[in-house]
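K.L.:
So I've got this file, coords-v9.cif, and it contains mmCIF, C-alpha atoms:
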```
data_entry
#
loop_
_atom_site.label_atom_id
_atom_site.label_comp_id
_atom_site.auth_asym_id
_atom_site.auth_seq_id
_atom_site.Cartn_x
_atom_site.Cartn_y
_atom_site.Cartn_z
CA MET T 6 20.29 15.65 10.70
CA LYS T 7 21.55 13.33 7.97
CA ARG T 8 21.29 10.38 10.36
CA THR T 9 17.70 11.38 11.17
CA LEU T 10 16.71 11.51 7.50
CA LEU T 11 18.35 8.16 6.81
CA THR T 12 16.34 6.74 9.71
CA ILE T 13 13.12 8.13 8.21
CA MET T 14 13.90 6.51 4.85
CA ALA T 15 14.71 3.20 6.52
CA VAL T 16 11.42 3.28 8.41
CA SER T 17 9.62 3.92 5.12
CA ALA T 18 11.21 0.82 3.58
CA VAL T 19 10.23 -1.32 6.57
CA CYS T 20 6.65 -0.05 6.46
CA GLY T 21 6.42 -1.10 2.85
CA MET T 22 6.99 -4.70 3.98
CA SER T 23 4.49 -4.66 6.86
CA TYR T 24 1.74 -7.23 7.07
CA ALA T 25 -1.79 -6.33 6.03
CA GLN T 26 -4.50 -5.58 8.56
CA LYS T 27 -6.09 -8.72 9.96
CA GLY T 28 -9.06 -9.74 7.86
CA GLU T 29 -7.87 -7.89 4.74
CA GLU T 30 -5.81 -9.49 2.04
CA LYS T 31 -3.02 -7.60 0.31
CA PRO T 32 -2.75 -8.56 -3.38
CA ALA T 33 0.68 -8.36 -4.94
CA GLY T 34 1.06 -5.22 -7.03
CA ALA T 35 3.48 -4.23 -9.75
CA ALA T 36 6.92 -2.97 -8.82
CA VAL T 37 6.72 0.57 -7.44
CA PRO T 38 9.11 3.07 -9.08
CA ALA T 39 11.63 4.81 -6.86
CA GLU T 40 10.06 8.23 -7.40
CA ALA T 41 6.77 6.95 -6.02
CA ARG T 42 8.49 5.75 -2.86
CA MET T 43 10.15 9.16 -2.59
CA MET T 44 6.70 10.74 -2.48
CA THR T 45 5.96 8.81 0.71
CA VAL T 46 9.35 9.81 2.11
CA ALA T 47 8.39 13.43 1.41
CA GLY T 48 5.25 12.95 3.49
CA GLU T 49 7.33 11.60 6.36
CA LEU T 50 9.69 14.57 6.09
CA VAL T 51 6.72 16.93 6.30
CA GLN T 52 5.48 15.22 9.44
CA TYR T 53 8.95 15.24 10.99
CA GLY T 54 9.57 18.89 10.12
CA TYR T 55 6.33 20.08 11.68
CA ALA T 56 6.66 17.85 14.74
CA ASN T 57 10.14 19.21 15.49
CA LYS T 58 9.73 22.70 13.99
CA GLU T 59 12.72 22.16 11.70
CA ALA T 60 13.03 23.88 8.33
CA LEU T 61 15.36 21.47 6.52
CA PRO T 62 12.99 18.45 6.38
CA LEU T 63 10.24 20.72 5.00
CA ILE T 64 12.63 22.10 2.38
CA GLN T 65 13.64 18.59 1.30
CA ALA T 66 9.99 17.52 1.10
CA VAL T 67 9.18 20.42 -1.22
CA GLU T 68 12.16 19.52 -3.42
CA ILE T 69 10.74 16.01 -3.81
CA TYR T 70 7.23 17.33 -4.52
CA GLN T 71 8.55 19.67 -7.19
CA LYS T 72 10.55 16.93 -8.91
CA ASN T 73 7.56 14.54 -8.90
CA GLY T 74 4.80 17.14 -8.97
CA SER T 75 1.64 17.73 -10.89
CA ASP T 76 0.88 19.86 -13.93
CA LYS T 77 -2.64 18.52 -14.30
CA PRO T 78 -5.75 18.79 -12.13
CA PHE T 79 -7.09 15.87 -10.16
CA GLU T 80 -10.03 14.44 -12.10
CA GLY T 81 -11.27 11.79 -9.70
CA LYS T 82 -14.83 12.07 -8.46
CA LYS T 83 -15.45 11.44 -4.79
CA GLU T 84 -18.63 9.53 -4.03
CA ASN T 85 -19.20 11.04 -0.58
CA ALA T 86 -18.16 14.63 -1.35
CA GLY T 87 -21.19 16.05 0.43
CA ASP T 88 -20.27 14.42 3.74
CA LYS T 89 -17.44 16.79 4.62
CA ALA T 90 -18.88 19.10 7.28
CA GLU T 91 -16.02 18.38 9.67
CA SER T 92 -13.05 20.74 9.71
CA LYS T 93 -9.66 20.20 11.29
CA GLN T 94 -6.78 22.41 12.31
CA SER T 95 -4.12 19.97 11.21
CA LYS T 96 -0.62 20.04 12.66
CA VAL T 97 0.83 19.61 9.16
CA SER T 98 0.19 21.15 5.75
CA TYR T 99 0.51 19.56 2.33
CA ASP T 100 0.17 22.84 0.47
CA VAL T 101 3.63 23.62 -0.93
CA ASN T 102 3.31 27.39 -0.46
CA GLN T 103 2.28 26.92 3.18
CA ILE T 104 5.10 24.44 3.78
CA LEU T 105 7.62 26.99 2.51
CA ALA T 106 6.06 29.72 4.63
CA ASP T 107 6.34 27.55 7.72
CA ALA T 108 9.90 26.53 6.79
CA THR T 109 10.77 30.23 6.63
CA GLU T 110 9.48 30.67 10.17
CA TYR T 111 11.38 27.63 11.45
CA ALA T 112 14.58 28.81 9.71
CA ALA T 113 14.75 31.61 12.28
CA GLY T 114 16.88 33.86 10.10
CA ASP T 115 19.38 31.18 9.01
CA GLU T 116 20.72 32.62 5.73
CA ASN T 117 21.58 29.24 4.21
CA LEU T 118 18.10 27.81 4.83
CA LEU T 119 16.43 31.00 3.63
CA ALA T 120 18.46 30.84 0.40
CA LEU T 121 17.24 27.28 -0.20
CA ILE T 122 13.65 28.36 0.43
CA ASP T 123 13.96 31.31 -1.96
CA GLY T 124 15.34 28.99 -4.61
CA LEU T 125 12.33 26.66 -4.28
CA LYS T 126 9.91 29.60 -4.44
CA SER T 127 11.39 30.78 -7.74
CA SER T 128 11.86 27.35 -9.36
CA SER T 129 9.40 25.54 -11.58
CA LYS T 130 8.84 21.79 -11.63
CA ARG T 131 12.22 20.92 -13.06
CA GLY T 132 12.40 17.77 -15.12
CA ALA T 133 9.67 15.81 -13.35
CA THR T 134 10.14 12.10 -14.03
CA SER T 135 6.44 11.45 -13.38
CA ASN T 136 3.38 13.67 -13.61
CA TYR T 137 1.14 13.03 -10.63
CA ALA T 138 -2.24 14.65 -10.17
CA VAL T 139 -2.45 15.68 -6.52
CA HIS T 140 -5.49 16.04 -4.26
CA THR T 141 -5.66 16.93 -0.56
CA ASP T 142 -8.64 16.16 1.64
CA LEU T 143 -9.80 15.06 5.07
CA VAL T 144 -11.19 11.63 5.93
CA ARG T 145 -13.33 11.57 9.03
CA ALA T 146 -12.77 9.28 12.01
CA ASN T 147 -13.65 5.61 11.32
CA SER T 148 -14.80 6.56 7.82
CA THR T 149 -13.82 5.84 4.22
CA ASP T 150 -13.27 8.31 1.38
CA VAL T 151 -14.11 6.84 -2.02
CA TYR T 152 -12.90 8.12 -5.40
CA ASN T 153 -13.57 6.98 -8.97
CA VAL T 154 -10.52 7.47 -11.18
CA GLN T 155 -9.86 6.31 -14.73
CA PHE T 156 -6.51 4.64 -15.52
CA ARG T 157 -5.13 3.70 -18.93
CA GLY T 158 -4.82 0.06 -19.93
CA GLY T 159 -1.39 -1.51 -20.28
CA GLU T 160 0.36 1.25 -18.31
CA LEU T 161 1.62 1.21 -14.73
CA ALA T 162 -0.99 2.76 -12.42
CA LEU T 163 0.06 4.34 -9.12
CA VAL T 164 -1.83 5.73 -6.13
CA ILE T 165 0.10 7.33 -3.27
CA VAL T 166 -1.43 8.54 0.00
CA SER T 167 0.32 10.39 2.82
CA GLY T 168 -1.64 11.32 5.95
CA ASP T 169 -0.96 13.84 8.70
CA GLY T 170 0.31 11.21 11.14
CA ASP T 171 -2.70 11.22 13.47
CA THR T 172 -4.21 7.83 12.54
CA ASP T 173 -3.72 4.65 10.51
CA LEU T 174 -4.92 4.93 6.89
CA ASP T 175 -5.45 1.95 4.59
CA LEU T 176 -5.69 2.13 0.80
CA TYR T 177 -7.65 -0.24 -1.45
CA VAL T 178 -8.25 -0.20 -5.22
CA TYR T 179 -11.13 -2.10 -6.88
CA ASP T 180 -11.87 -2.79 -10.53
CA PRO T 181 -15.37 -2.37 -12.00
CA ALA T 182 -16.20 -5.99 -11.11
CA GLY T 183 -15.47 -5.33 -7.44
CA ASN T 184 -12.15 -7.19 -7.32
CA CYS T 185 -9.45 -5.71 -5.10
CA VAL T 186 -6.51 -5.26 -7.49
CA ALA T 187 -4.11 -3.54 -5.07
CA SER T 188 -3.94 -2.51 -1.43
CA ASP T 189 -1.64 -1.13 1.24
CA ALA T 190 -2.99 -1.93 4.70
CA ASP T 191 -0.08 -1.63 7.08
CA TYR T 192 -0.22 0.31 10.35
CA THR T 193 0.87 3.73 9.06
CA ASP T 194 -0.87 6.48 7.13
CA ASP T 195 1.61 6.32 4.23
CA CYS T 196 0.33 4.10 1.41
CA VAL T 197 1.58 3.21 -2.07
CA VAL T 198 -0.10 0.80 -4.50
CA SER T 199 0.61 -0.07 -8.13
CA TRP T 200 -0.87 -2.34 -10.76
CA VAL T 201 -1.21 -2.57 -14.55
CA PRO T 202 -4.83 -2.27 -15.79
CA THR T 203 -5.73 -4.75 -18.49
CA ARG T 204 -7.71 -2.02 -20.28
CA THR T 205 -8.67 1.61 -19.81
CA GLN T 206 -11.39 1.76 -17.17
CA THR T 207 -12.49 3.47 -13.99
CA TYR T 208 -11.26 2.11 -10.66
CA LYS T 209 -12.67 2.72 -7.20
CA ILE T 210 -10.09 4.04 -4.71
CA LYS T 211 -10.92 3.68 -1.02
CA ILE T 212 -9.01 5.48 1.75
CA LYS T 213 -10.07 4.03 5.08
CA ASN T 214 -9.38 5.86 8.35
CA ARG T 215 -9.05 3.33 11.17
CA GLY T 216 -8.60 5.97 13.87
CA ASN T 217 -10.94 7.82 16.21
CA ILE T 218 -10.02 11.27 14.87
CA SER T 219 -9.93 12.68 11.36
CA ASN T 220 -6.84 12.59 9.14
CA ARG T 221 -5.84 15.17 6.53
CA TYR T 222 -4.03 13.49 3.64
CA ARG T 223 -2.35 14.11 0.32
CA MET T 224 -3.21 11.71 -2.53
CA ALA T 225 -1.32 11.52 -5.81
CA VAL T 226 -2.29 9.46 -8.85
CA ASN T 227 -0.45 9.14 -12.14
#
```
Show me, as structure tokens, the structure contained in the file I just sent.

P.N.:
Amino acid sequence: MKRTLLTIMAVSAVCGMSYAQKGEEKPAGAAVPAEARMMTVAGELVQYGYANKEALPLIQAVEIYQKNGSDKPFEGKKENAGDKAESKQSKVSYDVNQILADATEYAAGDENLLALIDGLKSSSKRGATSNYAVHTDLVRANSTDVYNVQFRGGELALVIVSGDGDTDLDLYVYDPAGNCVASDADYTDDCVVSWVPTRTQTYKIKIKNRGNISNRYRMAVN
């Protein structure tokens, strides 16, 4: 299992160096903190755990979410919020309570795994190094979800997206003048971008689904 998790983390690092989609430029962003990268690793652990019906990857993902979790509501406004008639029975969940419930099922009575799960259920967000606001949603096939989120000037801004593994998702951030200030357009549905706003202002966040089916994703912003 340890070898498998190390492989997942190695794949995450390689994906972070992938080339951008043809026709889209990928501006250089600020250095991404380690805890932000761990959020994408958590998404990969969730996908792996559900795909293989294993409890331990789900448990480790929840540990990461709790350490880098959110105590504040997501305040971004989605431009196309009314265009969400489509539903999807996703093969993964990004709701922590549901993840733990599924991990309990996959544990199949293993006392050690059940003890870990019980510990996560009773713990609070212990010593979070960053406070991310988290939002989960579904982007339709060949469509783009658009959010307007305000970031503070002079401080590192982060946007993290982790999809359900069904399609390729690309992430773009634009300033009020329409300039693309950061993007992650590799061939996965795990995206991380960072930049430092010159002043406090609202940025447009675009999550583009390049696949022919919908993708349920988790987005975190600091």

K.L.:
Between T:Thr45, T:Ala187, T:Leu163, T:Ile210, single out the one closest to Ala138 of chain T, counting only C-alpha atoms.

P.N.:
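The answer is T:Leu163, which sits nearest to Ala138 of chain T.
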
K.L.:
Please list, as a PyMOL selection string, the residues that have an atom at most 12 Å away from (10.1, 19.6, -0.2) in the coordinates of this file, counting all atoms listed in the file.

P.N.:
chain T and resi 43-52+54+60-74+98-108+121-122+124-126+130

K.L.:
Can you pull out the residues contacting Asn147 of chain T? Cut-off 7 Å, using only C-alpha atoms, and skip same-chain residues under 5 positions away; I want them as a list of chain:residue names.

P.N.:
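So the residues in contact are T:Asn214, T:Arg215, T:Gly216, T:Asn217.
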
K.L.:
Pull C-alpha atoms from the residues just selected and write them as a PDB file, in the frame of the given file.

P.N.:
```
ATOM      1  CA  ASN T 214      -9.380   5.860   8.350  1.00  0.00           C
ATOM      2  CA  ARG T 215      -9.050   3.330  11.170  1.00  0.00           C
ATOM      3  CA  GLY T 216      -8.600   5.970  13.870  1.00  0.00           C
ATOM      4  CA  ASN T 217     -10.940   7.820  16.210  1.00  0.00           C
TER       5      ASN T 217
END
```

K.L.:
Quick one: 8 Å padding each side, axis-aligned, all listed atoms of segment 112-124 of chain T - centre and edge lengths in Å to one decimal, as JSON?

P.N.:
```
{"center_x": 17.6, "center_y": 30.6, "center_z": 3.8, "size_x": 23.9, "size_y": 22.6, "size_z": 32.9}
```

K.L.:
Could you tell me which residues the PyMOL selection byres ((chain T and resi 159) around 8) grabs in this file, written as an NGL selection string?

P.N.:
:T and (157-158 or 160-161 or 201-205)

K.L.:
Could you check the closest approach to Arg223 of chain T for each of T:Val154, T:Cys196, T:Ala162, T:Ala182 and tell me which residue wins, using all atoms listed in the file?

P.N.:
T:Cys196

K.L.:
Given the choices T:Val144, T:Met224, T:Val178, T:Ile218, which gets closest to Trp200 of chain T if the distance is worked out from all atoms listed in the file?

P.N.:
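Result for the nearest residue to Trp200 of chain T: T:Val178.
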
K.L.:
As an exercise, work out the distance from atom CA of Gly170 of chain T to atom CA of Glu84 of chain T in Å and give it to one decimal place.

P.N.:
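So the answer is 24.3 Å.
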
K.L.:
Could you jot down the atom CA of Asn153 of chain T to atom CA of Ile212 of chain T separation for me, Å, one decimal place?

P.N.:
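Value for the atom CA of Asn153 of chain T-atom CA of Ile212 of chain T distance: 11.7 Å.
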